[in-house]
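The structure under discussion appears below in the form of structure tokens.
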Amino acid sequence: MAAVEQQISSIVIVGGGTAGWMTAAALCQHFLDTPVQITLVESSQLGTIGVGEATIPTLRRFYNKLGFSDIDVIRATNATCKLGIEFQDWHSPGSSFIHPFGLFGLPVKDTPFHHYWLKAQQTGNASDLADYSLGVNLAKQDKFCFPSPKPESALQIFDWALHFDAALFADLMRTHAIKNNITAIDGKIAEVVLDSQNGDIKTLQLEDGRQINGDLFIDCSGFAGLLIEKALHCGFEDWSQWLLCDKAFAVQTESVGAPIPRTIAKAHQAGWQWKIPLQHRSGNGHVYSSQYISDDDALQTLIENLDGKALHSPRQFSFKPGRRKNAWHKNCIAVGLAAGFLEPLESTSIALVETAIDKIIQSFPKAAFSQTEVDKFNQVTATEYERVRDFIILHYKANQRDDSPMWRYCREMSVPDSLNEKMQAFKSVGDLSRSPWEIFGPDSWLAIYSGFNYLPDTYAAEVDNMPTEYLNTNLAKMRSAIKNMVTPVPSHLEFLSRFCAYK
Ligand code: FAD
């Protein structure tokens, strides 16, 4: 029997934060030249969350599809380039490693590089995995250039993302959506009226008396979850037994020195601190577990660890890690913080906005949807969130810090079965296979495993077909090829000044 289809002639997006305006920009482009009307309601009185400045490379693919170049976006958002994240003190106090957006080493036929590196390690070669990543070596030396569009060797492959001013990025998306005929309304929603027959959302009642009707509603109202939760009571899957951080203080500071092409994530006793360099300032924040530190002490830790002068008083945030049970319920799809939030680590929240938008667009080859699309959307969204959740939990589970109860708890805690299986598969045979719908690929998992020194005791048997001396000679060649590639690359500062009008 054919699925019953619901026709769409009007879409209402609720919320004008990063999620709302990204969704608006993409949907206006997708439905351009169709009779579908798109409206966005936001409240300048309530404002937006005002954080969320570090991204992953998928963001570049997102704005490229809208017709923006990297240089356009860097200039418009005072952005800097991000080659990865430097994790300071996570494995243990004093330790440091970089999770790059790129590959490590060269594979041999079907055998991934890390098996060769593992054998070299176990037979006395002291080289670090990071020595085989162009991305890490550029990041460490504060250098940046665009990756080669036609790499001659996998050693040349790396990817990058942006640190940007979130408000300026939302403005860019807004301009694009307005150019493509969106109707933007500034007003506070006082009530969400449901259809008494089928329970769908029918009308949004604004405080000033205006009413907005629609066929499909996209809830980008942030933590409020105004439609998906407050009106439709969709339910929440709480992950705070694994993700202990539930609060943050954030503050912008004056820049000190040239902006670096990496985010800094520094572990503290009951959480961690980010430093995100922009062209005109830095974003900083301390994310912490309220079970293990008081608000006053968390704020003090942030202040003591700032480099530059604070530009305003720190702002506090509270959140519950987890996701909505169903991101699409009735005629409402939740995107962004309204759909769920894990924590700021690894900058996954805006990436999950992008994947939600991609799925919405795929669900609407024509202006109609059926329960089949709804079920598929929910199943894929749940899997994506769970895969990201597992990746983030790994950062806590694998720690070797012995200086505070939170880190000891994280090391001892039992983790979701899906993560346990992944960790076991890596530990026993070095398996890094990618699960379906996983945002972070094998080299990202490898970067974290190796950064925490969570390594297999063995390696793939075929590696022994290569004589150890030959292996070491090849590894030395890779290391020196990477050094030679890094040498002529300009500094990140020079790159920004030359191409992005940075002064
Ligand atoms: P919001 O920005 O909160 O927007 C909600 C919108 O809904 C606003 O326009 C508001 O006015 C509107 N609204 C709400 N109620 C009403 C109403 N009644 N009537 C009318 N309008 C209404 N993500 C990353 O990818 N990288 C990071 O580095 C990162 N760091 C973070 C750090 C912290 C401490 C936190 C808490 C989050 C971080 N995030 C990060 C997440 C990121 O901030 C969000 O994913 C992103 O900003 C999108 O938010 P949003 O648009 O869903 O919600």
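Residue numbering restarts at 1 for every chain of the structure tokens, chains are lettered A, B, ... in their displayed order, and ligands are numbered from 1 as they appear.
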Compile a residue-level contact table for region 164-221 of chain A against region 360-375 of chain A at a cut-off of 10 Å, reporting for every qualifying residue the shortest atom pair and its distance in Å to one decimal, with only C-alpha atoms counted, rows ordered by chain and ascending number, as a tab-separated table.
residue	atom	partner	partner_atom	distance
A:Asp215	CA	A:Ala368	CA	9.9
A:Leu216	CA	A:Ala368	CA	9.7
A:Ile218	CA	A:Ile360	CA	9.9
Protein and nucleic residues near ligand 1, 7 Å, only C-alpha atoms and all ligand atoms, as an NGL selection string = :A and (14-20 or 41-55 or 187-190 or 220-224 or 226 or 248-250 or 285 or 287 or 317 or 319 or 335-338 or 343-344 or 347-351)
Output the selection as a CSV table (one decimal), in the first residue's frame - N, CA and C atoms for each residue.
chain,number,residue,atom,x,y,z
A,14,VAL,N,11.2,28.2,13.4
A,14,VAL,CA,11.1,29.0,14.6
A,14,VAL,C,12.5,29.1,15.2
A,15,GLY,N,13.0,30.3,15.2
A,15,GLY,CA,14.4,30.6,15.8
A,15,GLY,C,15.3,31.2,14.8
A,16,GLY,N,16.1,32.2,15.2
A,16,GLY,CA,17.0,32.8,14.3
A,16,GLY,C,18.4,32.8,14.9
A,17,GLY,N,18.8,31.6,15.5
A,17,GLY,CA,20.2,31.4,15.8
A,17,GLY,C,20.9,30.8,14.7
A,18,THR,N,22.1,30.2,14.9
A,18,THR,CA,22.9,29.6,13.9
A,18,THR,C,22.0,28.5,13.2
A,19,ALA,N,21.3,27.7,14.0
A,19,ALA,CA,20.5,26.6,13.4
A,19,ALA,C,19.4,27.2,12.5
A,20,GLY,N,18.6,28.1,13.0
A,20,GLY,CA,17.5,28.7,12.3
A,20,GLY,C,17.9,29.3,10.9
A,41,VAL,N,10.5,32.9,12.2
A,41,VAL,CA,10.2,33.8,13.3
A,41,VAL,C,11.3,33.7,14.3
A,42,GLU,N,11.7,34.9,14.7
A,42,GLU,CA,12.8,34.9,15.8
A,42,GLU,C,12.4,36.0,16.8
A,43,SER,N,13.0,36.0,17.9
A,43,SER,CA,12.7,37.0,18.9
A,43,SER,C,14.0,37.8,19.3
A,44,SER,N,14.0,39.1,18.8
A,44,SER,CA,15.2,39.9,19.1
A,44,SER,C,15.2,40.2,20.6
A,45,GLN,N,14.0,40.1,21.3
A,45,GLN,CA,13.9,40.3,22.7
A,45,GLN,C,14.6,39.1,23.5
A,46,LEU,N,14.5,37.9,22.9
A,46,LEU,CA,15.1,36.8,23.6
A,46,LEU,C,16.6,36.6,23.2
A,47,GLY,N,16.9,36.9,22.0
A,47,GLY,CA,18.3,36.8,21.4
A,47,GLY,C,18.6,35.3,21.2
A,48,THR,N,19.9,35.1,20.9
A,48,THR,CA,20.4,33.7,20.6
A,48,THR,C,21.4,33.3,21.7
A,49,ILE,N,21.8,32.1,21.6
A,49,ILE,CA,22.7,31.5,22.7
A,49,ILE,C,24.1,32.3,22.6
A,50,GLY,N,24.5,32.7,21.4
A,50,GLY,CA,25.7,33.5,21.3
A,50,GLY,C,27.0,32.8,21.5
A,51,VAL,N,27.1,31.5,21.5
A,51,VAL,CA,28.3,30.7,21.5
A,51,VAL,C,28.3,29.8,20.3
A,52,GLY,N,29.3,29.0,20.1
A,52,GLY,CA,29.3,28.0,19.0
A,52,GLY,C,30.2,28.6,17.9
A,53,GLU,N,31.5,28.7,18.1
A,53,GLU,CA,32.4,29.3,17.2
A,53,GLU,C,33.4,28.4,16.5
A,54,ALA,N,33.5,27.2,17.0
A,54,ALA,CA,34.4,26.2,16.4
A,54,ALA,C,33.6,25.2,15.6
A,55,THR,N,34.1,24.9,14.4
A,55,THR,CA,33.4,24.0,13.5
A,55,THR,C,34.3,22.9,13.0
A,187,GLY,N,9.3,38.5,16.5
A,187,GLY,CA,8.2,38.5,17.5
A,187,GLY,C,8.3,37.3,18.4
A,188,LYS,N,7.8,37.5,19.6
A,188,LYS,CA,7.9,36.4,20.6
A,188,LYS,C,6.7,35.5,20.5
A,189,ILE,N,6.9,34.2,20.4
A,189,ILE,CA,5.8,33.3,20.4
A,189,ILE,C,5.3,33.1,21.8
A,190,ALA,N,4.0,33.3,22.0
A,190,ALA,CA,3.4,33.2,23.3
A,190,ALA,C,2.7,31.8,23.4
A,220,CYS,N,13.8,25.5,15.7
A,220,CYS,CA,15.2,25.9,15.9
A,220,CYS,C,15.2,26.8,17.1
A,221,SER,N,14.4,26.6,18.1
A,221,SER,CA,14.2,27.5,19.2
A,221,SER,C,15.2,27.3,20.3
A,222,GLY,N,16.3,26.5,20.0
A,222,GLY,CA,17.4,26.3,21.0
A,222,GLY,C,16.9,25.4,22.2
A,223,PHE,N,17.6,25.6,23.3
A,223,PHE,CA,17.3,24.7,24.5
A,223,PHE,C,15.8,24.7,24.8
A,224,ALA,N,15.1,25.8,24.5
A,224,ALA,CA,13.7,25.9,24.9
A,224,ALA,C,12.9,24.8,24.3
A,226,LEU,N,10.7,24.8,22.0
A,226,LEU,CA,9.3,25.4,22.2
A,226,LEU,C,8.3,24.5,21.5
A,248,ALA,N,28.6,25.7,31.8
A,248,ALA,CA,29.8,26.3,31.2
A,248,ALA,C,29.8,27.8,31.5
A,249,PHE,N,31.0,28.4,31.6
A,249,PHE,CA,31.1,29.9,31.6
A,249,PHE,C,31.8,30.2,30.4
A,250,ALA,N,31.4,31.2,29.7
A,250,ALA,CA,32.1,31.7,28.4
A,250,ALA,C,32.4,33.1,28.5
A,285,GLY,N,36.0,29.4,27.2
A,285,GLY,CA,35.0,28.9,28.0
A,285,GLY,C,35.5,27.8,28.9
A,287,VAL,N,34.0,24.4,30.5
A,287,VAL,CA,32.8,23.5,30.5
A,287,VAL,C,33.1,22.6,31.7
A,317,PHE,N,26.1,29.1,31.2
A,317,PHE,CA,25.1,28.2,30.5
A,317,PHE,C,24.9,26.9,31.3
A,319,PHE,N,23.1,22.9,30.7
A,319,PHE,CA,22.5,22.1,29.6
A,319,PHE,C,22.5,20.6,30.2
A,335,VAL,N,15.8,21.0,15.0
A,335,VAL,CA,17.2,21.1,14.5
A,335,VAL,C,18.0,22.0,15.4
A,336,GLY,N,19.2,21.7,15.6
A,336,GLY,CA,20.1,22.5,16.5
A,336,GLY,C,19.8,22.1,18.0
A,337,LEU,N,20.0,23.0,18.9
A,337,LEU,CA,19.9,22.7,20.3
A,337,LEU,C,18.5,22.2,20.7
A,338,ALA,N,17.5,22.5,19.9
A,338,ALA,CA,16.1,22.0,20.1
A,338,ALA,C,16.1,20.5,19.9
A,343,GLU,N,27.8,18.3,24.3
A,343,GLU,CA,28.7,19.3,25.0
A,343,GLU,C,29.6,19.9,23.9
A,344,PRO,N,30.3,21.0,24.2
A,344,PRO,CA,31.0,21.7,23.2
A,344,PRO,C,32.2,20.9,22.6
A,347,SER,N,33.3,20.2,18.8
A,347,SER,CA,32.5,21.1,17.9
A,347,SER,C,31.5,20.3,17.0
A,348,THR,N,30.7,19.6,17.7
A,348,THR,CA,29.8,18.7,16.9
A,348,THR,C,28.4,19.3,16.6
A,349,SER,N,28.0,20.3,17.4
A,349,SER,CA,26.6,20.7,17.4
A,349,SER,C,26.2,21.4,16.0
A,350,ILE,N,27.1,22.3,15.5
A,350,ILE,CA,26.8,22.9,14.2
A,350,ILE,C,26.8,21.8,13.1
A,351,ALA,N,27.7,20.8,13.3
A,351,ALA,CA,27.8,19.7,12.3
A,351,ALA,C,26.5,18.9,12.3
task = Do a neighbour search on Pro57 (chain A) at 12 Å with only C-alpha atoms, toss out local chain neighbours closer than 5 positions, and write the hits as a list of chain:residue names.
result =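 Neighbouring residues, sequence-local ones excluded: A:Phe62, A:Tyr63, A:Asn64, A:Asp70, A:Cys81, A:Lys82, A:Leu83, A:Gly84, A:Pro100, A:Phe101, A:Gly102, A:Phe158, A:Asp159, A:Trp160, A:Ala161, A:Leu162, A:His163, A:Glu346, A:Ser347, A:Thr348, A:Ile350, A:Ala351, A:Glu354, A:Ile439, A:Phe440.
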Mind the document's chain letters and residue numbers, and return as a PDB file with C-alpha atoms, in the first residue's frame the residues of region 270-495 of chain A that DSSP labels strand (DSSP E).
ATOM      1  CA  GLY A 271      36.005  19.760  33.057  1.00  0.00           C
ATOM      2  CA  TRP A 272      37.950  21.539  30.351  1.00  0.00           C
ATOM      3  CA  GLN A 273      38.553  24.966  28.869  1.00  0.00           C
ATOM      4  CA  TRP A 274      38.347  26.022  25.228  1.00  0.00           C
ATOM      5  CA  LYS A 275      40.235  28.763  23.480  1.00  0.00           C
ATOM      6  CA  ILE A 276      39.002  29.656  20.013  1.00  0.00           C
ATOM      7  CA  PRO A 277      41.093  32.253  18.179  1.00  0.00           C
ATOM      8  CA  SER A 282      39.298  34.992  21.199  1.00  0.00           C
ATOM      9  CA  GLY A 283      36.391  32.917  22.490  1.00  0.00           C
ATOM     10  CA  ASN A 284      37.021  31.151  25.804  1.00  0.00           C
ATOM     11  CA  GLY A 285      34.960  28.949  28.039  1.00  0.00           C
ATOM     12  CA  HIS A 286      35.172  26.485  30.897  1.00  0.00           C
ATOM     13  CA  VAL A 287      32.832  23.503  30.543  1.00  0.00           C
ATOM     14  CA  TYR A 288      32.440  21.624  33.804  1.00  0.00           C
ATOM     15  CA  ARG A 315      28.124  34.308  30.802  1.00  0.00           C
ATOM     16  CA  GLN A 316      26.878  31.067  32.317  1.00  0.00           C
ATOM     17  CA  PHE A 317      25.131  28.196  30.489  1.00  0.00           C
ATOM     18  CA  SER A 318      23.427  25.042  31.771  1.00  0.00           C
ATOM     19  CA  GLY A 322      21.224  14.034  25.323  1.00  0.00           C
ATOM     20  CA  ARG A 323      18.809  14.157  22.433  1.00  0.00           C
ATOM     21  CA  ARG A 324      15.097  14.350  21.714  1.00  0.00           C
ATOM     22  CA  TRP A 328      10.749  14.656  13.748  1.00  0.00           C
ATOM     23  CA  HIS A 329       7.377  14.330  15.445  1.00  0.00           C
ATOM     24  CA  CYS A 332       7.575  19.351  13.453  1.00  0.00           C
ATOM     25  CA  ILE A 333      11.300  18.751  12.907  1.00  0.00           C
ATOM     26  CA  ALA A 334      13.764  19.854  15.597  1.00  0.00           C
ATOM     27  CA  GLY A 340      19.731  17.821  21.436  1.00  0.00           C
ATOM     28  CA  PHE A 341      23.179  18.755  22.680  1.00  0.00           C
ATOM     29  CA  ALA A 368       5.240  16.320   0.512  1.00  0.00           C
ATOM     30  CA  PHE A 369       6.196  13.772   3.169  1.00  0.00           C
TER      31      PHE A 369
END
key: Nearest candidate to Phe113 (chain A) (options A:Ala356, A:Ala25, A:Met478, A:Leu493; using only C-alpha atoms)   =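 The answer is A:Met478, which sits nearest to Phe113 (chain A).
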I'd like the contact shell of Pro442 (chain A) - 6 Å cut-off, only C-alpha atoms, skipping same-chain residues fewer than 2 positions apart - returned as a compact mmCIF listing (two decimals) with C-alpha atoms, in the first residue's frame.
# COMPACT_ATOMS: atom_id res chain seq x y z
CA LEU A 432 39.00 1.17 12.95
CA SER A 444 39.87 10.86 14.00
CA TRP A 445 39.38 7.80 16.20
Write out as a tab-separated table the residues of region 38-147 of chain A that have any atom within 10 Å of an atom of region 396-407 of chain A, one row each with the nearest atom pair and its distance in Å to one decimal, counting only C-alpha atoms, sorted by chain and then rising number.
residue	atom	partner	partner_atom	distance
A:Asp89	CA	A:Arg401	CA	8.3
A:Trp90	CA	A:Asn399	CA	6.2
A:His91	CA	A:Asn399	CA	4.8
A:Ser92	CA	A:Arg401	CA	4.6
A:Pro93	CA	A:Arg401	CA	6.8
Those same residues - N, CA and C atoms - I'd like them written as a short mmCIF file (atom, residue, chain, number, x, y, z; two decimals), in the first residue's frame.
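Written out: result03.cif:
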data_model
loop_
_atom_site.label_atom_id
_atom_site.label_comp_id
_atom_site.auth_asym_id
_atom_site.auth_seq_id
_atom_site.Cartn_x
_atom_site.Cartn_y
_atom_site.Cartn_z
N ASP A 89 46.67 18.26 28.51
CA ASP A 89 46.44 17.68 29.85
C ASP A 89 45.31 16.65 29.90
N TRP A 90 44.85 16.16 28.78
CA TRP A 90 43.74 15.20 28.81
C TRP A 90 44.21 13.79 29.18
N HIS A 91 45.27 13.32 28.54
CA HIS A 91 45.76 11.99 28.90
C HIS A 91 46.23 12.01 30.35
N SER A 92 47.04 13.00 30.66
CA SER A 92 47.54 13.21 32.04
C SER A 92 48.07 14.64 32.08
N PRO A 93 48.18 15.24 33.28
CA PRO A 93 48.68 16.62 33.33
C PRO A 93 50.04 16.73 32.63
#
key: Using only C-alpha atoms: which of A:Asp457, A:Lys359, A:Ala177, A:Gly441 has the shortest distance to Ala425 (chain A)   = A:Asp457
message = List as a PyMOL selection string the protein and nucleic acid residues near Lys422 (chain A), meaning an atom at most 12 Å away when only C-alpha atoms are counted, but skip any in the same chain fewer than 6 places from it.
response = chain A and resi 387+390-391+394+415-416+428-435+442+445-446+449
Keeping only N, CA and C atoms, write those residues as an mmCIF file, in the first residue's frame.
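Output (out39.cif):
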data_model
loop_
_atom_site.group_PDB
_atom_site.id
_atom_site.type_symbol
_atom_site.label_atom_id
_atom_site.label_comp_id
_atom_site.auth_asym_id
_atom_site.auth_seq_id
_atom_site.Cartn_x
_atom_site.Cartn_y
_atom_site.Cartn_z
ATOM 1 N N ARG A 387 26.591 7.978 17.528
ATOM 2 C CA ARG A 387 27.997 7.819 17.099
ATOM 3 C C ARG A 387 28.848 8.990 17.629
ATOM 4 N N ASP A 390 29.416 8.580 21.363
ATOM 5 C CA ASP A 390 30.459 7.596 21.685
ATOM 6 C C ASP A 390 31.845 8.208 21.516
ATOM 7 N N PHE A 391 32.006 8.977 20.432
ATOM 8 C CA PHE A 391 33.314 9.578 20.170
ATOM 9 C C PHE A 391 33.692 10.529 21.305
ATOM 10 N N LEU A 394 34.624 8.699 24.549
ATOM 11 C CA LEU A 394 35.987 8.121 24.488
ATOM 12 C C LEU A 394 37.024 9.069 25.107
ATOM 13 N N VAL A 415 30.633 2.224 29.683
ATOM 14 C CA VAL A 415 30.269 3.071 28.546
ATOM 15 C C VAL A 415 29.206 2.351 27.721
ATOM 16 N N PRO A 416 28.531 3.051 26.771
ATOM 17 C CA PRO A 416 27.533 2.371 25.949
ATOM 18 C C PRO A 416 28.142 1.167 25.215
ATOM 19 N N SER A 428 41.971 -5.089 20.331
ATOM 20 C CA SER A 428 42.381 -6.470 20.068
ATOM 21 C C SER A 428 43.042 -6.626 18.699
ATOM 22 N N VAL A 429 42.494 -5.992 17.655
ATOM 23 C CA VAL A 429 43.100 -6.204 16.325
ATOM 24 C C VAL A 429 43.346 -4.906 15.548
ATOM 25 N N GLY A 430 43.283 -3.776 16.213
ATOM 26 C CA GLY A 430 43.551 -2.500 15.533
ATOM 27 C C GLY A 430 42.460 -2.117 14.542
ATOM 28 N N ASP A 431 41.233 -2.643 14.759
ATOM 29 C CA ASP A 431 40.149 -2.375 13.811
ATOM 30 C C ASP A 431 39.594 -0.966 14.004
ATOM 31 N N LEU A 432 39.532 -0.204 12.892
ATOM 32 C CA LEU A 432 39.003 1.170 12.948
ATOM 33 C C LEU A 432 37.816 1.332 12.003
ATOM 34 N N SER A 433 37.098 0.237 11.722
ATOM 35 C CA SER A 433 36.040 0.364 10.704
ATOM 36 C C SER A 433 35.030 1.420 11.095
ATOM 37 N N ARG A 434 34.575 2.114 10.061
ATOM 38 C CA ARG A 434 33.634 3.212 10.282
ATOM 39 C C ARG A 434 32.225 2.642 10.360
ATOM 40 N N SER A 435 31.466 3.065 11.376
ATOM 41 C CA SER A 435 30.077 2.625 11.478
ATOM 42 C C SER A 435 29.226 3.495 10.555
ATOM 43 N N PRO A 442 37.863 7.055 10.613
ATOM 44 C CA PRO A 442 38.893 6.247 11.290
ATOM 45 C C PRO A 442 40.094 7.055 11.769
ATOM 46 N N TRP A 445 39.335 8.751 15.068
ATOM 47 C CA TRP A 445 39.380 7.796 16.197
ATOM 48 C C TRP A 445 40.832 7.440 16.522
ATOM 49 N N LEU A 446 41.625 7.240 15.461
ATOM 50 C CA LEU A 446 43.031 6.890 15.672
ATOM 51 C C LEU A 446 43.755 8.008 16.431
ATOM 52 N N TYR A 449 42.640 7.706 20.098
ATOM 53 C CA TYR A 449 43.231 6.497 20.727
ATOM 54 C C TYR A 449 44.720 6.726 20.978
#
inquiry  = With distances taken over only C-alpha atoms, which residue among A:Thr355, A:Ser418, A:Gln122, A:Gln211 lies nearest Asn472 (chain A)?
reply    =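 Looking only at the distances to Asn472 (chain A), the closest residue turns out to be A:Gln122.
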query = Could you work out how far CA of Phe169 (chain A) lies from CA of Asp358 (chain A), giving the answer in Å with one decimal?
reply =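 CA of Phe169 (chain A) lies 18.5 Å from CA of Asp358 (chain A).
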ask   = CA of Ala170 (chain A) to CA of Thr253 (chain A): how many Å, to one decimal?
value = 21.0 Å
query = Quick one: of A:Thr77, A:Thr203, A:Asn213, A:Gln252, who's nearest to Leu311 (chain A), counting only C-alpha atoms?
reply =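 Of all the options, A:Gln252 lies closest to Leu311 (chain A).
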